[in-house]
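S.K.: Got a structure for you, written out below as structure tokens; questions coming shortly.
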Protein chains: 4
Amino acid sequence: MRLKAIAGSTVIDGTGRAPIPDAVVVVEGTRIRAVTARPEAVLPPGTEIVDGSGKYVIPGLMDANVHLLLPTPDTALAYEGRYRDLIEEAAQVTLRSGVTTVFDTWGPLDPLVAARDRVNDGLVAGSRVFMAGHIIGLGGLFTPDFFATGDVFGPETVERINRKWEQGVGADLLWRTPEEIRRRVRDYIARSDIDFVKYAASGHGEYRQFIAFSAPAQKAIVEEAHRAGITAQAHSTTVESLRMEINAGADLLQHPDATGLEPIPRSTLKLIVDRQIPAAVIVNTDRQLDWVRRHGPDWMRTYVINDTRDENHRNMIKAGARMLLTTDGFSCGRAPANHPSRRAYVNCPDPLYTLGESHFLWLEAVSERGMAPMDALLAATRNVADAYGMADELGTLEPGKYADLLILDADPLADPRNYRRIAQVWKDGAAIHRDSLPTAPVLTAGDITT
Amino acid sequence: MRLKAIAGSTVIDGTGRAPIPDAVVVVEGTRIRAVTARPEAVLPPGTEIVDGSGKYVIPGLMDANVHLLLPTPDTALAYEGRYRDLIEEAAQVTLRSGVTTVFDTWGPLDPLVAARDRVNDGLVAGSRVFMAGHIIGLGGLFTPDFFATGDVFGPETVERINRKWEQGVGADLLWRTPEEIRRRVRDYIARSDIDFVKYAASGHGEYRQFIAFSAPAQKAIVEEAHRAGITAQAHSTTVESLRMEINAGADLLQHPDATGLEPIPRSTLKLIVDRQIPAAVIVNTDRQLDWVRRHGPDWMRTYVINDTRDENHRNMIKAGARMLLTTDGFSCGRAPANHPSRRAYVNCPDPLYTLGESHFLWLEAVSERGMAPMDALLAATRNVADAYGMADELGTLEPGKYADLLILDADPLADPRNYRRIAQVWKDGAAIHRDSLPTAPVLTAGDITT
Amino acid sequence: MRLKAIAGSTVIDGTGRAPIPDAVVVVEGTRIRAVTARPEAVLPPGTEIVDGSGKYVIPGLMDANVHLLLPTPDTALAYEGRYRDLIEEAAQVTLRSGVTTVFDTWGPLDPLVAARDRVNDGLVAGSRVFMAGHIIGLGGLFTPDFFATGDVFGPETVERINRKWEQGVGADLLWRTPEEIRRRVRDYIARSDIDFVKYAASGHGEYRQFIAFSAPAQKAIVEEAHRAGITAQAHSTTVESLRMEINAGADLLQHPDATGLEPIPRSTLKLIVDRQIPAAVIVNTDRQLDWVRRHGPDWMRTYVINDTRDENHRNMIKAGARMLLTTDGFSCGRAPANHPSRRAYVNCPDPLYTLGESHFLWLEAVSERGMAPMDALLAATRNVADAYGMADELGTLEPGKYADLLILDADPLADPRNYRRIAQVWKDGAAIHRDSLPTAPVLTAGDITT
Amino acid sequence: MRLKAIAGSTVIDGTGRAPIPDAVVVVEGTRIRAVTARPEAVLPPGTEIVDGSGKYVIPGLMDANVHLLLPTPDTALAYEGRYRDLIEEAAQVTLRSGVTTVFDTWGPLDPLVAARDRVNDGLVAGSRVFMAGHIIGLGGLFTPDFFATGDVFGPETVERINRKWEQGVGADLLWRTPEEIRRRVRDYIARSDIDFVKYAASGHGEYRQFIAFSAPAQKAIVEEAHRAGITAQAHSTTVESLRMEINAGADLLQHPDATGLEPIPRSTLKLIVDRQIPAAVIVNTDRQLDWVRRHGPDWMRTYVINDTRDENHRNMIKAGARMLLTTDGFSCGRAPANHPSRRAYVNCPDPLYTLGESHFLWLEAVSERGMAPMDALLAATRNVADAYGMADELGTLEPGKYADLLILDADPLADPRNYRRIAQVWKDGAAIHRDSLPTAPVLTAGDITT
């Protein structure tokens, strides 16, 4: 097999080591064979040389929380037979913008599995996808947890759509004993072919102040994930549900920074830091925060994007928490007319939660809040791979790992805005054709796209 | 061209004349060539003989008011690109059940035109379709006139769907002067290729107690229809809007029997009878009325299917009004969960408004209310053709007209339930393959069908 | 009886004549005895002299359309037994601000009659009150015409409150024949002790694009008012409902300027001007219009306070229509949370529809639109009295009329803002104690007041 | 002080001992002096003798869970200044029907305290009242926890009403740390003068599947109650929230029988029985259950009054759980139009939750489910007093206790319907004038009463 070599660039390999100037990255097939300073590079004849002079090579970015399909009610119905297409389209939007791996933490199981397999098997282009299916304990798309559709649809439609999401581990579980929850979760894992488990430590949407599962129930869910050899993460939105998921042994904390009216207590933060529990946090830029403060509806200011959250971010950075690039980004079509977040989605100067854009904002935001440039890069690469138990394959530019990388025109450690200056995106050892992504635009083509 | 002859049946030709026993109906191409008693029949050699002995031949039934597509919100979105298919499917449901011609009085213009042309040109099977497009003065599908969708969809979706229906002659017209209304209606007729005009003399849904257009505006609309050489009909729901549409010169009255709290005043009924204005009335069976009285929500009992309406039906029959078979039947998918009429659609012992079924119920209902059997047959055939200005082509079994006819196993004049005993449905001079209809089941195939 | 004389002021007597400098207004009891230039004044000994030097005396202002009680749902229930008190309080707010006579055009009959009688009989202070009770053809307070309360209250509560307003001439009338409407209106007038009739030519609220009563029904209502010796006025919101009420013979047009998407047609305006039909118009200042343009929800911009309305005002002034000071002012407690007009009521720089304030804005607004100062004064005094058939008693400072007058510190013809510079308000021949009004603050005292 | 003696009746003293035939109950002032068989009775001269021959004397009934004021939105506003009156009226309705002591477990603090003090100080008639004020952790009256009022009221009204209930320990607490919750609860107890604490172990209304407080937070609340020397009880609606409140040390379980989709697990039931934790259960008659099964909306059948609950009742009785008479009865005015429980409140053959009636049904219901007659009597008397730590004063007919008792015309142990056959109700040592209760009917007088 003919080798490729990116030669002459500065390589920031994602291990935390200092950048290597004038380096050579040697790629063999889909994997990295070597990363060395130029003088040490030994290239067989016939190696295809890519000139990297003046460029910066970093591992492909990894997003710890996306929703490749989080459709509004109209989109959910209008494209009911084409969810797989929409998911693939979204994975192409992320790939194009430098995110070579995404972790989908909530969506309809069957099309997600199908799209993941097609992308990961190389049948279609797209960011590498890993997925959780449903968030255990929440309701489906057409419930107050996500979109309350009231009486506009017939019950058959509501149930049909919800079933695509809930997969037998919906909100009904909250009524059950820990033993019964354990049985149902085990069954779900066994038949669903998911990559990791996500459960609700607290409610969602208008239920977010409540605890969803008791301590024994949370423990049972985590244990079942581990028994199946996969990681477990939890959604939390209050200080107590956060504490409970940590006690339950969650491997990854989804938005532990969302704690509503009180910042993360010191004792809880200490646990997170001491144990280096991966913390997937959604950090906003000053500009976004300022916009929300001025325009957002009350609940948003108070509970979702608010000063408590900002305080948590600063405290976590200062204390040395292990943070992960996390956008909660999604592709959904337009928000319903009076959805509380509509204004924020659509009018915000730097749109929140937009796939293909929000990871850049995240990197700028953590910089604004004082995170060291190298730490930010690790948060967007190695730490995510580590958190999901994929450090052997992904996250750094080291021999034997997948050759997923970005070639940038400027130094991302010098200015976080340089992550936007993408010259090339490589995945599986080859540069992708960014300009042709998405290959079959649907939501991104029409007037109902976000 | 080889002739066909249905020989030996009793023919009720739809002219009002007595049935002809042992008759012969001779068909040449798509048209009727002769209808005679057997002794008088002269059949060229090679004529294909269909044995009609023991059967009854009547003109194909005609329904003066259907909605081949009146989708619920979920259906409207889930099948957004396939309205033409759904319309054709509905026209096949009606054809199969003996209705050879339908008049579609409200629906999305473009797919209706496309489906009508395909059916009427013989490209696909289906009842002969004539159509009005939008009801001038009402809002589109996603408005309180039909389905109030609240905030569940984004405004772009609501507007996109409504535009498919409204076509520039929506509720906005109510704000205008008669002159401006005239201009817009003229423009709509000119560009829309519709077969007849329908306008709102009163509001619809929760607006039904109001008058929609003033007297001069109504006159202007009727005049514009006539200027274009087509008929004009009006929707009315109150005693005064009914009187106004008659004064405006409407050629056909849609549900004049719906007058809410007061029966049709004697003076108005006299006008209808004296001028023999075609009255498209939705008549219910005793069984249906009884069900509604016991189960229907209040508004339904009072305003839509109620004792006033029943009283109007009896008065009209007694006075000799010119009534037309009218079902308001539609195909829509399931009604939304709390739609006021959901219970009536779905649970009623003899479903109301169901294409393929409700015309049979209508014929039974007028019989229960005292209409003579021959009058009922004329109401379902010749009178409808007359009312729509198509008496030269349709409505009776007379030489030169389209050979649209039913062969029944039993005498419909003896018992109205015999209209259900269909041996064959002929359209355009040929028996249709009833068992293969609809040819491409969509709504009728799945669990979201009415 | 001892006489009083206001001496030395400039008197603008409301007849349209030039101001009389250094004049004397002689008051005997509750009436005016004479208005003359000082040299001509003959004052009996013992006459109480009020020094008017440097002041301006004008007739008390008259507002052609107020709602002394238009409560929000919470206010309606919290004060259910005290409506009369609230009405009297509102009449004191208006009196204090110089409006000596108000015409209440919609409210709960019994407490309105009681409060009117107490005020007009001199038992309590307050602007002279004349009243219509319910607007014939509309629904009560807890209907979509005013406040749709959904399912928050039990049906008994909704019905009980609505009955207080509807009085048997509610929206149910729209279903009836003109003959039946006539009977019911006659009965309502006979038993209600109202001062004038108001009916709905068009719908209200979300029904405003519809015509409420047919032409014969409108005629019947007007005839019944005239038969009872009182005037009839109509509410209209479209160009056609306006034309219809004029044809029906309405004595006064309520907000003919509200015509939604089209300005008043030339022919209709000509009728209004030629016949000098009193036109009660709600005119807004530039500042208000600007605010609404920038902040108002869509429907408000388009249909209620919009450019069409402004265009109508300018056209009416130019053409010489007989306009009346009309505020539609009310006292209601806070607007419900999402009521479409909440923002306008509460946040508008110069609040709309606020009793005690909005008449001043009206006078400034007509000035901005080009009405001559003397015409504005007549619109706020004599023309209102004329329109309501009370020119013999009210509206000008002429011998024999009620001595209702304002003493101003500055010339209102020089600057409309000078109407605010009230030195004294006289009613029934005596200066009222403005500082003690309202005498028993309820809504104006608490935090739920507008 | 002159003594009174009820002589000749059968006394069932509430201690569990066998009935004493031909007994004498001697009352001195407000207290019982002796209960003996007639031969043993020593009565000083002048003792007032009440002939009890043929009668049955039992302790006054005690209801472990009522809401003397749980007003619907219209009632809450219409009677805003008169809550104390309504509470006293309700306490008179209960007293009249034989319930001499009620425990109010949720309501507006200030009027409850005022009414309790007036009743308990003997200023007004009424059942002895003990009260919790607000349920810690729930929202106020106008929140989705109780009545979602949507946008019908202004926010000021909603907040004002909610403050009357929430008292600083509302749903906002759910966001807090256990330490902060402890501080706020301590403060609430210190300033509120309540008799016992009630907190939400789970959510209420549409939130009932969620856990409200974490385990440490529940412990903190219970500890604060105990520190203040009062009992703590919890509301639970799921199997896990029930288990958690037991672990937290709750002294009394409110509706532990409401466990939604799963019956109480065996291990939890064992805890309840072994520790004899007082269980306040709402038991329905067969007739009620049957009605609900046939008519109730889905959620009611499934989650509130359902077969799971019935199964729990039977299991608890069989296992020997310590059950308390508990009605959750309230006085509220009519339910809002579409409130899910409206149909059950109003149409149920034996109305649910109706003060003055539902305790009789409870006694019949436990009999139907197999509870021994004497156990039922104890559940309605001594056990309630015990559970609330008032066994020294109330609950049995023993010397030194309050002379609260019923004289019945028939034996309640023979047939539970005999509890309805009340001859006299004594409270504080005197027969009350039942016929004059309530002394000032408000809700019970008008058409808006339950």
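Scheme for the structure tokens: letters A, B, ... for chains in order shown; per-chain residue numbers from 1; ligand numbers from 1 in order shown.
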Taking every C-alpha atom in sequence order, what RMSD do you get when chain D is least-squares fitted onto chain C?
M.R.: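 My reading of the C-alpha RMSD is 0.1 Å.
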S.K.: Using the chain letters and numbers from this document, which residues of segment 80-171 of chain A does DSSP assign to strand (DSSP E or B), as a list in words?
M.R.: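 Taking segment 80-171 of chain A and keeping strand (DSSP E or B) gives Val99, Thr100, Thr101, Val102, Phe103, Asp104, Arg128, Val129, Phe130, Met131 and Ile136 of chain A.
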S.K.: Excluding segment 400-412 of chain D and residues on its chain fewer than 4 positions from it, collect all residues at most 10 Å away from it, counting only C-alpha atoms, and give them as a VMD selection string.
M.R.: chain D and resid 6 9 to 13 25 to 34 52 to 61 97 to 101 127 to 128 363 373 to 374 376 to 377 391 to 396 416 to 431
S.K.: What does the distance from atom CA of Ile161 of chain C to atom CA of Gly133 of chain C come to in Å, to one decimal?
M.R.: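 These atoms are spaced 14.2 Å apart.
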S.K.: List every residue of segment 17-250 of chain B that DSSP, applied to the backbone, labels as helix (DSSP H, G or I), and write the result as number ranges by chain.
M.R.: B: 38-40, 73-78, 80-96, 109-120, 155-166, 171-175, 178-192, 205-207, 215-227, 239-248
S.K.: List the spatial neighbours of Val281 of chain C as a list of chain:residue names - criterion: any atom at most 7 Å away, only C-alpha atoms, same-chain residues fewer than 5 positions off excluded.
M.R.: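 Near neighbours after the sequence-gap exclusion: C:Gln254, C:His255, C:Pro256, C:Asp257, C:Met323, C:Leu324, C:Leu325, C:Thr326.
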S.K.: Please produce a file of those selected residues containing C-alpha atoms, as a compact mmCIF listing (two decimals), in the first residue's frame.
M.R.:
```txt
# COMPACT_ATOMS: atom_id res chain seq x y z
CA GLN C 254 -68.01 53.81 16.23
CA HIS C 255 -64.43 53.70 14.97
CA PRO C 256 -65.29 53.91 11.26
CA ASP C 257 -61.57 54.56 10.90
CA MET C 323 -65.31 63.68 14.20
CA LEU C 324 -65.86 63.02 17.89
CA LEU C 325 -63.39 62.73 20.71
CA THR C 326 -63.29 59.01 21.34
```
S.K.: Residues near segment 69-79 of chain A, anyone? I mean within 10 Å using only C-alpha atoms, not counting same-chain ones fewer than 3 positions away, as an MDAnalysis selection string.
M.R.: (chainID A and resid 66 82:91 104 106:108 111:112 141:142 146:149 153 157:158 161 329:336 442:443 448:449) or (chainID B and resid 73:81 152:154 157:158)
S.K.: Pick out the residues sitting within 6 Å of Gly140 of chain A, and hand them over as a list in words; count only C-alpha atoms, and ignore anything fewer than 5 positions along from it in its own chain.
M.R.: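 Non-adjacent residues within range: Asn162, Trp165 and Glu166 of chain A.
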S.K.: So that I have them on file, write out the residues from the current selection with all heavy atoms, as a tab-separated table (two decimals), in the first residue's frame.
M.R.:
```
chain	number	residue	atom	x	y	z
A	162	ASN	N	-43.43	8.65	18.74
A	162	ASN	CA	-42.76	8.45	20.04
A	162	ASN	C	-42.10	7.08	20.14
A	162	ASN	O	-41.02	6.95	20.71
A	162	ASN	CB	-43.75	8.66	21.18
A	162	ASN	CG	-44.03	10.15	21.41
A	162	ASN	OD1	-43.25	11.00	20.99
A	162	ASN	ND2	-45.13	10.46	22.04
A	165	TRP	N	-38.56	6.78	19.03
A	165	TRP	CA	-37.54	7.27	19.97
A	165	TRP	C	-37.46	6.40	21.23
A	165	TRP	O	-36.40	6.01	21.63
A	165	TRP	CB	-37.87	8.72	20.37
A	165	TRP	CG	-37.20	9.76	19.54
A	165	TRP	CD1	-36.09	10.50	19.89
A	165	TRP	CD2	-37.55	10.21	18.23
A	165	TRP	NE1	-35.75	11.36	18.87
A	165	TRP	CE2	-36.62	11.20	17.85
A	165	TRP	CE3	-38.55	9.87	17.32
A	165	TRP	CZ2	-36.67	11.86	16.62
A	165	TRP	CZ3	-38.61	10.51	16.09
A	165	TRP	CH2	-37.67	11.48	15.74
A	166	GLU	N	-38.62	6.13	21.83
A	166	GLU	CA	-38.61	5.59	23.20
A	166	GLU	C	-38.09	4.16	23.32
A	166	GLU	O	-37.46	3.81	24.32
A	166	GLU	CB	-40.01	5.69	23.80
A	166	GLU	CG	-40.45	7.14	23.97
A	166	GLU	CD	-41.81	7.26	24.60
A	166	GLU	OE1	-42.45	6.22	24.89
A	166	GLU	OE2	-42.27	8.40	24.80
```
S.K.: Hey, list the chain B side of the contact with chain C: 12 Å cut-off, only C-alpha atoms, answer as a PyMOL selection string.
M.R.: chain B and resi 137-139+144-145+170-181+200-204+206-218+236-245+258-268+302-303+308
S.K.: Taking 4 positions as the minimum chain separation for residues in the same chain, which residues sit within 8 Å of Lys219 of chain B when counting only C-alpha atoms? Answer as a PDB file with C-alpha atoms, in the first residue's frame.
M.R.:
```pdb
ATOM      1  CA  ALA B 215     -74.425  41.468  -0.595  1.00  0.00           C
ATOM      2  CA  GLU B 223     -71.022  37.660 -11.758  1.00  0.00           C
ATOM      3  CA  ALA B 248     -76.764  37.102  -5.069  1.00  0.00           C
ATOM      4  CA  GLY B 249     -77.818  34.594  -7.712  1.00  0.00           C
TER       5      GLY B 249
END
```
S.K.: Please compute the atom CA of Ile272 of chain A-atom CA of Asn247 of chain A distance, one decimal, in Å.
M.R.: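 Here the two named atoms are 10.8 Å from each other.
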